[in-house]
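Coordinates as given in coords_25.csv (CSV, C-alpha atoms):
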```
chain,number,residue,atom,x,y,z
A,1,MET,CA,-32.9,4.8,25.3
A,2,GLU,CA,-32.4,3.7,21.7
A,3,ARG,CA,-29.4,6.1,21.4
A,4,ILE,CA,-27.5,4.4,24.2
A,5,TRP,CA,-27.4,1.2,22.1
A,6,THR,CA,-26.5,2.9,18.8
A,7,TRP,CA,-22.7,3.0,19.3
A,8,PRO,CA,-22.3,-0.5,20.8
A,9,ILE,CA,-24.4,-1.9,18.0
A,10,ALA,CA,-22.4,-0.1,15.4
A,11,PHE,CA,-19.2,-1.3,17.1
A,12,PHE,CA,-20.4,-4.9,17.1
A,13,ARG,CA,-21.6,-4.6,13.5
A,14,PHE,CA,-18.2,-3.2,12.5
A,15,TRP,CA,-16.3,-6.1,13.9
A,16,TYR,CA,-18.9,-8.6,12.8
A,17,HIS,CA,-18.5,-7.4,9.2
A,18,PHE,CA,-14.7,-7.2,9.6
A,19,ILE,CA,-14.3,-10.8,10.8
A,20,ILE,CA,-17.4,-12.7,9.6
A,21,GLY,CA,-18.4,-10.8,6.4
A,22,ASP,CA,-21.0,-12.4,4.3
A,23,ASP,CA,-19.8,-16.0,4.7
A,24,TRP,CA,-19.3,-17.1,8.3
A,25,THR,CA,-18.0,-20.6,7.3
A,26,VAL,CA,-14.8,-19.1,6.0
A,27,ALA,CA,-13.9,-17.4,9.3
A,28,ALA,CA,-15.0,-20.6,11.2
A,29,ALA,CA,-12.8,-22.8,9.0
A,30,VAL,CA,-9.8,-20.5,9.6
A,31,ALA,CA,-10.4,-20.6,13.3
A,32,VAL,CA,-10.6,-24.4,13.3
A,33,GLY,CA,-7.5,-24.5,11.1
A,34,LEU,CA,-5.5,-22.4,13.5
A,35,ILE,CA,-6.6,-24.5,16.5
A,36,LEU,CA,-5.7,-27.8,14.7
A,37,THR,CA,-2.4,-26.3,13.7
A,38,ALA,CA,-1.6,-25.3,17.3
A,39,LEU,CA,-2.6,-28.9,18.5
A,40,LEU,CA,-0.4,-30.5,15.8
A,41,ASN,CA,2.5,-28.2,16.5
A,42,GLY,CA,2.1,-29.1,20.2
A,43,ALA,CA,2.4,-32.7,19.3
A,44,HIS,CA,5.6,-31.9,17.3
A,45,VAL,CA,3.9,-32.6,13.9
A,46,THR,CA,4.8,-30.3,10.9
A,47,ALA,CA,1.6,-28.4,10.3
A,48,TRP,CA,2.5,-25.2,8.4
A,49,TRP,CA,0.7,-26.5,5.3
A,50,LEU,CA,-2.8,-26.9,6.9
A,51,VAL,CA,-4.0,-23.3,7.0
A,52,PRO,CA,-3.0,-22.5,3.3
A,53,LEU,CA,-4.8,-25.7,2.3
A,54,ILE,CA,-7.9,-24.6,4.2
A,55,VAL,CA,-7.7,-21.1,2.7
A,56,ILE,CA,-7.7,-22.5,-0.9
A,57,PHE,CA,-10.4,-25.1,-0.2
A,58,MET,CA,-12.7,-22.6,1.6
A,59,LEU,CA,-12.2,-19.9,-1.0
A,60,GLY,CA,-13.4,-22.3,-3.7
A,61,LEU,CA,-16.3,-23.6,-1.6
A,62,SER,CA,-17.4,-20.0,-0.8
A,63,LEU,CA,-17.2,-19.0,-4.4
A,64,ARG,CA,-19.2,-22.0,-5.5
A,65,ARG,CA,-21.9,-21.2,-2.9
A,66,ALA,CA,-22.0,-17.6,-4.0
A,67,GLY,CA,-22.4,-18.7,-7.6
A,68,LYS,CA,-25.4,-20.7,-6.7
A,69,VAL,CA,-27.3,-17.9,-4.9
B,1,MET,CA,15.6,-3.0,2.1
B,2,THR,CA,13.2,-5.4,0.2
B,3,GLY,CA,11.2,-5.9,3.4
B,4,VAL,CA,10.9,-2.2,3.9
B,5,LEU,CA,9.7,-1.7,0.3
B,6,PHE,CA,7.3,-4.7,0.7
B,7,VAL,CA,5.7,-3.2,3.8
B,8,LEU,CA,5.5,0.2,2.2
B,9,ILE,CA,3.8,-1.0,-0.9
B,10,THR,CA,1.5,-3.4,0.9
B,11,THR,CA,0.3,-0.8,3.5
B,12,PHE,CA,0.0,1.8,0.7
B,13,LEU,CA,-2.2,-0.5,-1.5
B,14,ALA,CA,-4.2,-1.8,1.4
B,15,SER,CA,-4.8,1.7,2.7
B,16,ALA,CA,-5.5,3.0,-0.8
B,17,VAL,CA,-8.5,0.6,-1.1
B,18,GLU,CA,-10.0,2.0,2.1
B,19,ALA,CA,-9.1,5.6,1.1
B,20,ILE,CA,-10.9,5.1,-2.3
B,21,GLU,CA,-14.1,4.1,-0.4
B,22,MET,CA,-13.7,7.0,2.1
B,23,VAL,CA,-13.0,9.6,-0.6
B,24,THR,CA,-15.8,8.3,-2.8
B,25,ILE,CA,-18.4,8.6,-0.1
B,26,VAL,CA,-17.2,12.1,1.0
B,27,LEU,CA,-17.1,13.4,-2.5
B,28,GLY,CA,-20.5,11.9,-3.3
B,29,VAL,CA,-22.1,13.4,-0.2
B,30,GLY,CA,-20.3,16.8,-0.7
B,31,ALA,CA,-21.3,17.0,-4.4
B,32,THR,CA,-24.9,16.0,-3.7
B,33,ARG,CA,-25.7,17.9,-0.4
B,34,GLY,CA,-23.1,20.7,-0.2
B,35,TRP,CA,-19.6,20.9,1.2
B,36,ARG,CA,-19.9,22.7,4.5
B,37,ALA,CA,-21.4,20.0,6.6
B,38,THR,CA,-19.6,17.3,4.7
B,39,LEU,CA,-16.2,18.8,5.3
B,40,VAL,CA,-17.0,19.5,9.0
B,41,GLY,CA,-18.0,15.8,9.3
B,42,ALA,CA,-14.8,14.6,7.6
B,43,VAL,CA,-12.6,16.8,9.8
B,44,ALA,CA,-14.5,15.6,12.9
B,45,GLY,CA,-14.0,12.0,11.8
B,46,PHE,CA,-10.3,12.6,11.4
B,47,ALA,CA,-10.1,14.1,14.8
B,48,VAL,CA,-11.8,11.1,16.5
B,49,LEU,CA,-9.7,8.8,14.4
B,50,ALA,CA,-6.4,10.5,15.6
B,51,VAL,CA,-7.4,10.0,19.3
B,52,VAL,CA,-8.4,6.3,18.6
B,53,VAL,CA,-5.1,5.6,16.8
B,54,VAL,CA,-3.0,7.1,19.6
B,55,VAL,CA,-4.9,5.1,22.3
B,56,ALA,CA,-4.8,1.9,20.2
B,57,GLY,CA,-1.1,2.4,19.4
B,58,ILE,CA,-0.2,2.7,23.1
B,59,ALA,CA,-2.3,-0.4,24.0
B,60,LEU,CA,-0.9,-2.5,21.2
B,61,SER,CA,2.7,-1.6,22.2
B,62,GLN,CA,2.1,-3.4,25.6
B,63,VAL,CA,1.0,-6.7,23.9
B,64,PRO,CA,3.8,-9.4,23.4
B,65,ILE,CA,4.7,-9.9,19.8
B,66,GLY,CA,3.6,-13.6,19.6
B,67,PRO,CA,0.0,-13.1,20.6
B,68,LEU,CA,-0.1,-9.9,18.6
B,69,ARG,CA,1.0,-11.7,15.5
B,70,LEU,CA,-1.6,-14.4,16.1
B,71,ILE,CA,-4.5,-12.0,16.7
B,72,VAL,CA,-3.7,-9.5,13.9
B,73,GLY,CA,-2.6,-12.3,11.5
B,74,ALA,CA,-5.9,-14.1,12.0
B,75,LEU,CA,-7.9,-10.9,11.6
B,76,LEU,CA,-6.0,-10.0,8.4
B,77,LEU,CA,-6.5,-13.5,7.2
B,78,VAL,CA,-10.3,-13.6,7.6
B,79,PHE,CA,-10.6,-10.0,6.4
B,80,GLY,CA,-8.2,-10.5,3.5
B,81,LEU,CA,-10.1,-13.7,2.4
B,82,GLN,CA,-13.3,-11.6,2.1
B,83,TRP,CA,-11.5,-9.2,-0.3
B,84,PHE,CA,-9.8,-12.2,-2.0
B,85,ARG,CA,-13.2,-13.8,-2.7
B,86,LYS,CA,-14.9,-10.5,-3.7
B,87,GLY,CA,-11.9,-9.6,-5.9
B,88,VAL,CA,-12.1,-13.0,-7.7
B,89,MET,CA,-15.8,-12.6,-8.3
B,90,ARG,CA,-15.6,-9.0,-9.5
B,91,VAL,CA,-12.6,-9.6,-11.8
B,92,ALA,CA,-14.2,-12.7,-13.2
B,93,ALA,CA,-17.5,-10.9,-13.8
B,94,ARG,CA,-16.3,-7.5,-14.9
B,95,GLY,CA,-12.6,-7.6,-15.7
B,96,LEU,CA,-10.9,-4.3,-14.7
B,97,ALA,CA,-14.2,-2.3,-14.7
B,98,GLY,CA,-14.5,0.2,-11.9
B,99,ILE,CA,-17.4,0.5,-9.5
B,100,GLY,CA,-19.4,3.5,-8.6
B,101,MET,CA,-21.1,4.4,-5.3
B,102,HIS,CA,-23.6,2.0,-3.8
B,103,PRO,CA,-27.2,3.1,-4.0
B,104,GLU,CA,-27.4,3.1,-0.2
B,105,ASP,CA,-24.6,5.7,0.0
B,106,GLU,CA,-26.6,8.2,-2.1
B,107,PRO,CA,-28.4,10.5,0.3
B,108,PRO,CA,-31.7,12.2,-0.5
B,109,GLU,CA,-31.6,15.8,-1.7
B,110,TRP,CA,-30.9,18.5,0.9
B,111,ASP,CA,-33.2,21.5,1.1
B,112,GLY,CA,-30.4,23.8,2.3
B,113,VAL,CA,-32.1,24.9,5.6
B,114,GLY,CA,-29.9,24.7,8.8
B,115,PHE,CA,-27.0,22.4,9.3
B,116,ASP,CA,-27.1,19.2,7.2
B,117,TRP,CA,-26.6,16.6,9.9
B,118,THR,CA,-27.2,13.8,7.3
B,119,ALA,CA,-24.2,15.0,5.3
B,120,PHE,CA,-22.2,15.4,8.5
B,121,VAL,CA,-22.9,11.9,9.8
B,122,LEU,CA,-22.3,10.3,6.4
B,123,ALA,CA,-18.9,12.0,6.0
B,124,PHE,CA,-18.0,11.4,9.7
B,125,LYS,CA,-19.0,7.7,9.4
B,126,ALA,CA,-17.1,7.2,6.2
B,127,VAL,CA,-13.9,8.8,7.6
B,128,VAL,CA,-14.1,7.0,11.0
B,129,LEU,CA,-14.9,3.5,9.7
B,130,GLU,CA,-12.6,3.5,6.7
B,131,GLY,CA,-10.0,5.4,8.6
B,132,LEU,CA,-10.1,2.8,11.4
B,133,GLU,CA,-9.4,0.1,8.8
B,134,VAL,CA,-6.5,2.1,7.5
B,135,ALA,CA,-5.2,2.5,11.0
B,136,PHE,CA,-5.6,-1.2,11.7
B,137,ILE,CA,-3.7,-2.1,8.5
B,138,VAL,CA,-0.9,0.3,9.4
B,139,VAL,CA,-0.6,-0.7,13.1
B,140,SER,CA,-0.7,-4.5,12.3
B,141,PHE,CA,1.8,-4.3,9.4
B,142,GLY,CA,4.0,-1.9,11.2
B,143,ALA,CA,4.1,-3.8,14.5
B,144,ASN,CA,4.5,-7.2,12.9
B,145,ALA,CA,7.3,-6.2,10.5
B,146,GLY,CA,8.9,-3.9,13.0
B,147,GLN,CA,8.5,-1.1,10.5
B,148,MET,CA,5.9,1.2,12.1
B,149,GLY,CA,7.4,4.4,10.6
B,150,VAL,CA,7.3,2.9,7.1
B,151,ALA,CA,3.8,1.6,7.6
B,152,VAL,CA,2.6,5.0,8.8
B,153,VAL,CA,4.1,6.6,5.7
B,154,GLY,CA,2.4,4.0,3.5
B,155,GLY,CA,-1.0,4.5,5.1
B,156,VAL,CA,-0.9,8.3,5.4
B,157,SER,CA,0.5,8.8,1.9
B,158,ALA,CA,-2.3,6.6,0.5
B,159,VAL,CA,-5.0,8.7,2.2
B,160,VAL,CA,-3.3,11.9,1.1
B,161,ILE,CA,-2.7,10.8,-2.5
B,162,ILE,CA,-6.1,9.3,-3.0
B,163,GLY,CA,-7.7,12.3,-1.3
B,164,GLY,CA,-5.7,14.6,-3.6
B,165,ILE,CA,-6.7,12.6,-6.7
B,166,GLY,CA,-10.3,12.7,-5.5
B,167,VAL,CA,-10.2,16.5,-5.3
B,168,VAL,CA,-8.6,16.9,-8.7
B,169,LEU,CA,-10.6,14.1,-10.4
B,170,GLN,CA,-14.0,14.3,-8.7
B,171,ARG,CA,-16.0,12.9,-11.5
B,172,LEU,CA,-13.5,10.0,-12.2
B,173,VAL,CA,-12.9,8.9,-8.7
B,174,THR,CA,-15.8,6.5,-8.6
B,175,ARG,CA,-14.5,4.8,-11.8
B,176,ILE,CA,-11.2,3.6,-10.4
B,177,PRO,CA,-10.8,-0.2,-11.2
B,178,ARG,CA,-11.3,-1.2,-7.6
B,179,SER,CA,-12.0,-4.8,-8.5
B,180,LEU,CA,-8.4,-5.5,-9.5
B,181,LEU,CA,-7.0,-3.4,-6.6
B,182,GLN,CA,-9.3,-5.3,-4.2
B,183,LEU,CA,-8.1,-8.7,-5.5
B,184,VAL,CA,-4.4,-7.7,-5.3
B,185,VAL,CA,-4.8,-6.4,-1.7
B,186,GLY,CA,-6.9,-9.4,-0.7
B,187,ILE,CA,-4.2,-11.7,-1.9
B,188,LEU,CA,-1.5,-9.7,0.0
B,189,LEU,CA,-3.6,-9.6,3.2
B,190,THR,CA,-4.3,-13.3,3.0
B,191,THR,CA,-0.6,-14.0,2.4
B,192,PHE,CA,0.6,-11.9,5.4
B,193,GLY,CA,-2.3,-13.1,7.5
B,194,THR,CA,-1.4,-16.8,6.9
B,195,PHE,CA,2.3,-16.2,7.6
B,196,TRP,CA,1.9,-14.1,10.8
B,197,SER,CA,-0.9,-16.1,12.4
B,198,LEU,CA,1.1,-19.3,12.1
B,199,GLU,CA,4.3,-17.5,13.3
B,200,GLY,CA,2.2,-16.3,16.3
B,201,LEU,CA,1.4,-20.0,17.0
B,202,GLY,CA,5.2,-20.7,17.1
B,203,ILE,CA,5.2,-22.5,13.7
B,204,GLU,CA,8.6,-22.4,11.9
B,205,TRP,CA,8.1,-21.8,8.2
B,206,PRO,CA,10.4,-23.7,5.8
B,207,GLY,CA,12.7,-21.0,4.3
B,208,GLY,CA,11.8,-18.5,7.0
B,209,ASP,CA,10.6,-15.1,5.6
B,210,ALA,CA,11.0,-16.5,2.0
B,211,SER,CA,7.8,-18.5,2.6
B,212,ILE,CA,5.9,-15.2,2.2
B,213,LEU,CA,6.9,-15.2,-1.5
B,214,GLY,CA,5.9,-18.9,-1.8
B,215,LEU,CA,2.5,-18.2,-0.2
B,216,LEU,CA,2.1,-15.2,-2.6
B,217,VAL,CA,2.8,-17.3,-5.6
B,218,LEU,CA,0.4,-20.0,-4.3
B,219,TYR,CA,-2.5,-17.6,-3.7
B,220,VAL,CA,-1.9,-15.7,-7.1
B,221,ALA,CA,-2.1,-19.1,-8.8
B,222,THR,CA,-5.3,-19.9,-6.8
B,223,ALA,CA,-6.8,-16.6,-7.9
B,224,GLY,CA,-6.0,-17.2,-11.5
B,225,THR,CA,-7.5,-20.7,-11.3
B,226,TYR,CA,-10.7,-19.5,-9.6
B,227,ILE,CA,-11.2,-16.6,-12.0
B,228,THR,CA,-10.9,-19.0,-14.9
B,229,ILE,CA,-13.4,-21.4,-13.3
B,230,GLU,CA,-15.8,-18.5,-12.4
B,231,ARG,CA,-15.7,-17.2,-16.0
B,232,ARG,CA,-16.3,-20.6,-17.5
B,233,ARG,CA,-19.2,-21.2,-15.1
B,234,ALA,CA,-20.7,-17.8,-16.0
B,235,LEU,CA,-20.4,-18.7,-19.7
B,236,GLY,CA,-22.1,-22.1,-19.0
B,237,PHE,CA,-19.1,-24.2,-19.9
B,238,SER,CA,-18.9,-26.1,-16.6
B,239,PRO,CA,-22.2,-26.0,-14.7
B,240,GLY,CA,-22.1,-26.9,-11.1
B,241,VAL,CA,-18.3,-26.5,-10.7
```
What's the structure tokens form of this structure?
Amino acid sequence: MERIWTWPIAFFRFWYHFIIGDDWTVAAAVAVGLILTALLNGAHVTAWWLVPLIVIFMLGLSLRRAGKV
Amino acid sequence: MTGVLFVLITTFLASAVEAIEMVTIVLGVGATRGWRATLVGAVAGFAVLAVVVVVAGIALSQVPIGPLRLIVGALLLVFGLQWFRKGVMRVAARGLAGIGMHPEDEPPEWDGVGFDWTAFVLAFKAVVLEGLEVAFIVVSFGANAGQMGVAVVGGVSAVVIIGGIGVVLQRLVTRIPRSLLQLVVGILLTTFGTFWSLEGLGIEWPGGDASILGLLVLYVATAGTYITIERRRALGFSPGV
């Protein structure tokens, strides 16, 4: 019975590590940034700058958190 | 021509990072537990990988380019950011020093009786998982840039060249300065991920494709800044930053 779940679990783990990694807040912030960008774009507001800004901010935040562990 | 070269270099470098990990594990397992089961596992892994790539390639070709750009762009962005972050930390901590195998990748000694399934599974897993990441990089870059052939050449040549280097330089393969390579590829994946995901949302970049270079410069400057901050923090010059 345990063997049945080995591959689905491995598959889930692979994508979890691929997307989430060891800091889920970065992936969450990117997702929020993309949603906000889509909403702003839908409202005809220039929004190409938002995701790069989030990337730089979250990278610094994640590095700072990792440095404190 | 520049775009073709850019896709070739990016897919080659990105695939090379995965290939280094794959080859390091296969070489480590083979050298420790014997080559027969290890090579059978690696060959089986490549066989499974080939089937998966063919199926995924057909499925991906049916997806409209906009949603495809958004999905693979977002995936590259979050995955690239992980390498970006790890690359900054490793370069800040160790400069260009290479890394060896992880302790968890080192199997126990094999007694030589029967078929070594442990070696088989380790080699199979390394080839399938790292190979899938190479395939994902190749398919996503190739599909988005409209240069699938070039991307395949970049990915396959990376695996072949790193594999060849691994065979020739077995003892040195674990000492390749992966930290710097990981940082460079992390920046490239983050750059393309940002560009493609927003293009997939229908965003028009100022300057069109030239924005890729702008993003690249921005992220390289960001990496340099964070490496400096991390080094200063490690030396105790700026606590809490």
Distance table requested - chain B against chain A, cut-off 9 Å, only C-alpha atoms: one row per qualifying residue with the closest atom pair and its distance in Å to one decimal, ordered by chain and rising residue number, as JSON lines.
```
{"residue": "B:Ala74", "atom": "CA", "partner": "A:Val30", "partner_atom": "CA", "distance": 7.9}
{"residue": "B:Leu75", "atom": "CA", "partner": "A:Ile19", "partner_atom": "CA", "distance": 6.5}
{"residue": "B:Leu76", "atom": "CA", "partner": "A:Ile19", "partner_atom": "CA", "distance": 8.7}
{"residue": "B:Leu77", "atom": "CA", "partner": "A:Val30", "partner_atom": "CA", "distance": 8.1}
{"residue": "B:Val78", "atom": "CA", "partner": "A:Ala27", "partner_atom": "CA", "distance": 5.5}
{"residue": "B:Phe79", "atom": "CA", "partner": "A:Ile19", "partner_atom": "CA", "distance": 5.8}
{"residue": "B:Leu81", "atom": "CA", "partner": "A:Leu59", "partner_atom": "CA", "distance": 7.4}
{"residue": "B:Gln82", "atom": "CA", "partner": "A:Gly21", "partner_atom": "CA", "distance": 6.7}
{"residue": "B:Phe84", "atom": "CA", "partner": "A:Leu59", "partner_atom": "CA", "distance": 8.1}
{"residue": "B:Arg85", "atom": "CA", "partner": "A:Leu59", "partner_atom": "CA", "distance": 6.4}
{"residue": "B:Lys86", "atom": "CA", "partner": "A:Leu63", "partner_atom": "CA", "distance": 8.8}
{"residue": "B:Val88", "atom": "CA", "partner": "A:Leu63", "partner_atom": "CA", "distance": 8.5}
{"residue": "B:Met89", "atom": "CA", "partner": "A:Leu63", "partner_atom": "CA", "distance": 7.6}
{"residue": "B:Leu129", "atom": "CA", "partner": "A:Phe14", "partner_atom": "CA", "distance": 8.0}
{"residue": "B:Thr190", "atom": "CA", "partner": "A:Val55", "partner_atom": "CA", "distance": 8.5}
{"residue": "B:Thr191", "atom": "CA", "partner": "A:Pro52", "partner_atom": "CA", "distance": 8.9}
{"residue": "B:Thr194", "atom": "CA", "partner": "A:Pro52", "partner_atom": "CA", "distance": 6.9}
{"residue": "B:Ser197", "atom": "CA", "partner": "A:Leu34", "partner_atom": "CA", "distance": 7.9}
{"residue": "B:Leu198", "atom": "CA", "partner": "A:Trp48", "partner_atom": "CA", "distance": 7.1}
{"residue": "B:Leu201", "atom": "CA", "partner": "A:Ala38", "partner_atom": "CA", "distance": 6.1}
{"residue": "B:Gly202", "atom": "CA", "partner": "A:Asn41", "partner_atom": "CA", "distance": 8.0}
{"residue": "B:Ile203", "atom": "CA", "partner": "A:Trp48", "partner_atom": "CA", "distance": 6.5}
{"residue": "B:Glu204", "atom": "CA", "partner": "A:Trp48", "partner_atom": "CA", "distance": 7.6}
{"residue": "B:Trp205", "atom": "CA", "partner": "A:Trp48", "partner_atom": "CA", "distance": 6.6}
{"residue": "B:Pro206", "atom": "CA", "partner": "A:Trp48", "partner_atom": "CA", "distance": 8.5}
{"residue": "B:Leu215", "atom": "CA", "partner": "A:Pro52", "partner_atom": "CA", "distance": 7.8}
{"residue": "B:Leu218", "atom": "CA", "partner": "A:Pro52", "partner_atom": "CA", "distance": 8.7}
{"residue": "B:Tyr219", "atom": "CA", "partner": "A:Ile56", "partner_atom": "CA", "distance": 7.7}
{"residue": "B:Thr222", "atom": "CA", "partner": "A:Ile56", "partner_atom": "CA", "distance": 6.9}
{"residue": "B:Tyr226", "atom": "CA", "partner": "A:Gly60", "partner_atom": "CA", "distance": 7.1}
{"residue": "B:Glu230", "atom": "CA", "partner": "A:Leu63", "partner_atom": "CA", "distance": 8.1}
{"residue": "B:Arg233", "atom": "CA", "partner": "A:Gly67", "partner_atom": "CA", "distance": 8.5}
{"residue": "B:Ala234", "atom": "CA", "partner": "A:Gly67", "partner_atom": "CA", "distance": 8.6}
{"residue": "B:Gly240", "atom": "CA", "partner": "A:Arg64", "partner_atom": "CA", "distance": 8.0}
{"residue": "B:Val241", "atom": "CA", "partner": "A:Arg64", "partner_atom": "CA", "distance": 6.9}
```
Practice prompt. Find, counting all atoms listed in the file, the residue in B:Val29, B:Ala42, B:Ala93, B:Val220 that gets nearest to Arg232 (chain B).
Written response: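 Checking each candidate against Arg232 (chain B), we get B:Ala93 as the closest.
Neighbours of Ile162 (chain B) closer than or equal to 9 Å, with only C-alpha atoms counted and sequence neighbours fewer than 5 positions away skipped, come out as Ala16, Ala19, Ile20, Val23, Ser157, Val167 and Val173 of chain B.
Here CA of Ala119 (chain B) and CA of Val159 (chain B) stand 20.4 Å from one another.
The space between CA of Asp116 (chain B) and CA of Trp7 (chain A) spans 20.7 Å.
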Worksheet item: What's the 9 Å shell around region 70-72 of chain B, counting all atoms listed in the file, without same-chain residues fewer than 6 positions away, as a ChimeraX atom specification?
Response: /B:136,140-141,144,193,196-201
Discussion item. Need to verify the contact set: Val91 (chain B), 9 Å, only C-alpha atoms, exclusion of same-chain residues closer than 6 positions in sequence. Can you return it as an MDAnalysis selection string?
Written reply: chainID B and resid 97 179:180 183 227
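What separates CA of Leu188 (chain B) from CA of Ile161 (chain B) is a distance of 20.7 Å.
Using all atoms listed in the file for every distance, the candidate list B:Gly214, B:Gly186, B:Gly207, B:Gly131 yields B:Gly131 as the residue closest to Glu21 (chain B).
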Edge lengths and centre, in Å to one decimal, as lines of an AutoDock Vina configuration file: that's what I need for the box along x, y and z that holds all listed atoms of region 35-48 of chain A plus 8 Å on each side.
```
center_x = -0.5
center_y = -28.6
center_z = 14.3
size_x = 28.2
size_y = 24.2
size_z = 27.8
```
Worksheet item: Around (-22.1, 13.6, 2.5) in the file's own coordinates, what residues are found within 6 Å if you use only C-alpha atoms, given back as a list in words?
Response: Val26, Val29, Gly30, Thr38, Ala119, Leu122 and Ala123 of chain B
Restore N, CA and C atoms in region 48-64 of chain A and list the result as a PDB file, in the coordinates of the input.
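Final output, saved to result27.pdb:
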```pdb
ATOM      1  N   TRP A  48       2.553 -26.474   9.022  1.00  0.00           N
ATOM      2  CA  TRP A  48       2.500 -25.200   8.400  1.00  0.00           C
ATOM      3  C   TRP A  48       1.588 -25.224   7.100  1.00  0.00           C
ATOM      4  N   TRP A  49       1.391 -26.385   6.527  1.00  0.00           N
ATOM      5  CA  TRP A  49       0.700 -26.500   5.300  1.00  0.00           C
ATOM      6  C   TRP A  49      -0.866 -26.508   5.463  1.00  0.00           C
ATOM      7  N   LEU A  50      -1.327 -26.731   6.693  1.00  0.00           N
ATOM      8  CA  LEU A  50      -2.800 -26.900   6.900  1.00  0.00           C
ATOM      9  C   LEU A  50      -3.602 -25.666   6.626  1.00  0.00           C
ATOM     10  N   VAL A  51      -3.203 -24.517   7.156  1.00  0.00           N
ATOM     11  CA  VAL A  51      -4.000 -23.300   7.000  1.00  0.00           C
ATOM     12  C   VAL A  51      -4.042 -22.864   5.487  1.00  0.00           C
ATOM     13  N   PRO A  52      -2.886 -22.851   4.762  1.00  0.00           N
ATOM     14  CA  PRO A  52      -3.000 -22.500   3.300  1.00  0.00           C
ATOM     15  C   PRO A  52      -3.927 -23.454   2.567  1.00  0.00           C
ATOM     16  N   LEU A  53      -3.919 -24.721   2.943  1.00  0.00           N
ATOM     17  CA  LEU A  53      -4.800 -25.700   2.300  1.00  0.00           C
ATOM     18  C   LEU A  53      -6.272 -25.352   2.579  1.00  0.00           C
ATOM     19  N   ILE A  54      -6.556 -25.013   3.841  1.00  0.00           N
ATOM     20  CA  ILE A  54      -7.900 -24.600   4.200  1.00  0.00           C
ATOM     21  C   ILE A  54      -8.347 -23.355   3.501  1.00  0.00           C
ATOM     22  N   VAL A  55      -7.418 -22.397   3.392  1.00  0.00           N
ATOM     23  CA  VAL A  55      -7.700 -21.100   2.700  1.00  0.00           C
ATOM     24  C   VAL A  55      -8.141 -21.413   1.257  1.00  0.00           C
ATOM     25  N   ILE A  56      -7.359 -22.224   0.548  1.00  0.00           N
ATOM     26  CA  ILE A  56      -7.700 -22.500  -0.900  1.00  0.00           C
ATOM     27  C   ILE A  56      -8.984 -23.267  -0.989  1.00  0.00           C
ATOM     28  N   PHE A  57      -9.195 -24.246  -0.131  1.00  0.00           N
ATOM     29  CA  PHE A  57     -10.400 -25.100  -0.200  1.00  0.00           C
ATOM     30  C   PHE A  57     -11.656 -24.216   0.140  1.00  0.00           C
ATOM     31  N   MET A  58     -11.574 -23.434   1.220  1.00  0.00           N
ATOM     32  CA  MET A  58     -12.700 -22.600   1.600  1.00  0.00           C
ATOM     33  C   MET A  58     -13.054 -21.521   0.659  1.00  0.00           C
ATOM     34  N   LEU A  59     -12.008 -20.972   0.031  1.00  0.00           N
ATOM     35  CA  LEU A  59     -12.200 -19.900  -1.000  1.00  0.00           C
ATOM     36  C   LEU A  59     -13.037 -20.511  -2.146  1.00  0.00           C
ATOM     37  N   GLY A  60     -12.643 -21.692  -2.594  1.00  0.00           N
ATOM     38  CA  GLY A  60     -13.400 -22.300  -3.700  1.00  0.00           C
ATOM     39  C   GLY A  60     -14.791 -22.684  -3.298  1.00  0.00           C
ATOM     40  N   LEU A  61     -14.954 -23.189  -2.071  1.00  0.00           N
ATOM     41  CA  LEU A  61     -16.300 -23.600  -1.600  1.00  0.00           C
ATOM     42  C   LEU A  61     -17.193 -22.335  -1.478  1.00  0.00           C
ATOM     43  N   SER A  62     -16.632 -21.247  -0.953  1.00  0.00           N
ATOM     44  CA  SER A  62     -17.400 -20.000  -0.800  1.00  0.00           C
ATOM     45  C   SER A  62     -17.787 -19.426  -2.141  1.00  0.00           C
ATOM     46  N   LEU A  63     -16.860 -19.467  -3.098  1.00  0.00           N
ATOM     47  CA  LEU A  63     -17.200 -19.000  -4.400  1.00  0.00           C
ATOM     48  C   LEU A  63     -18.236 -19.812  -5.106  1.00  0.00           C
ATOM     49  N   ARG A  64     -18.164 -21.109  -4.888  1.00  0.00           N
ATOM     50  CA  ARG A  64     -19.200 -22.000  -5.500  1.00  0.00           C
ATOM     51  C   ARG A  64     -20.541 -21.734  -4.901  1.00  0.00           C
TER      52      ARG A  64
END
```
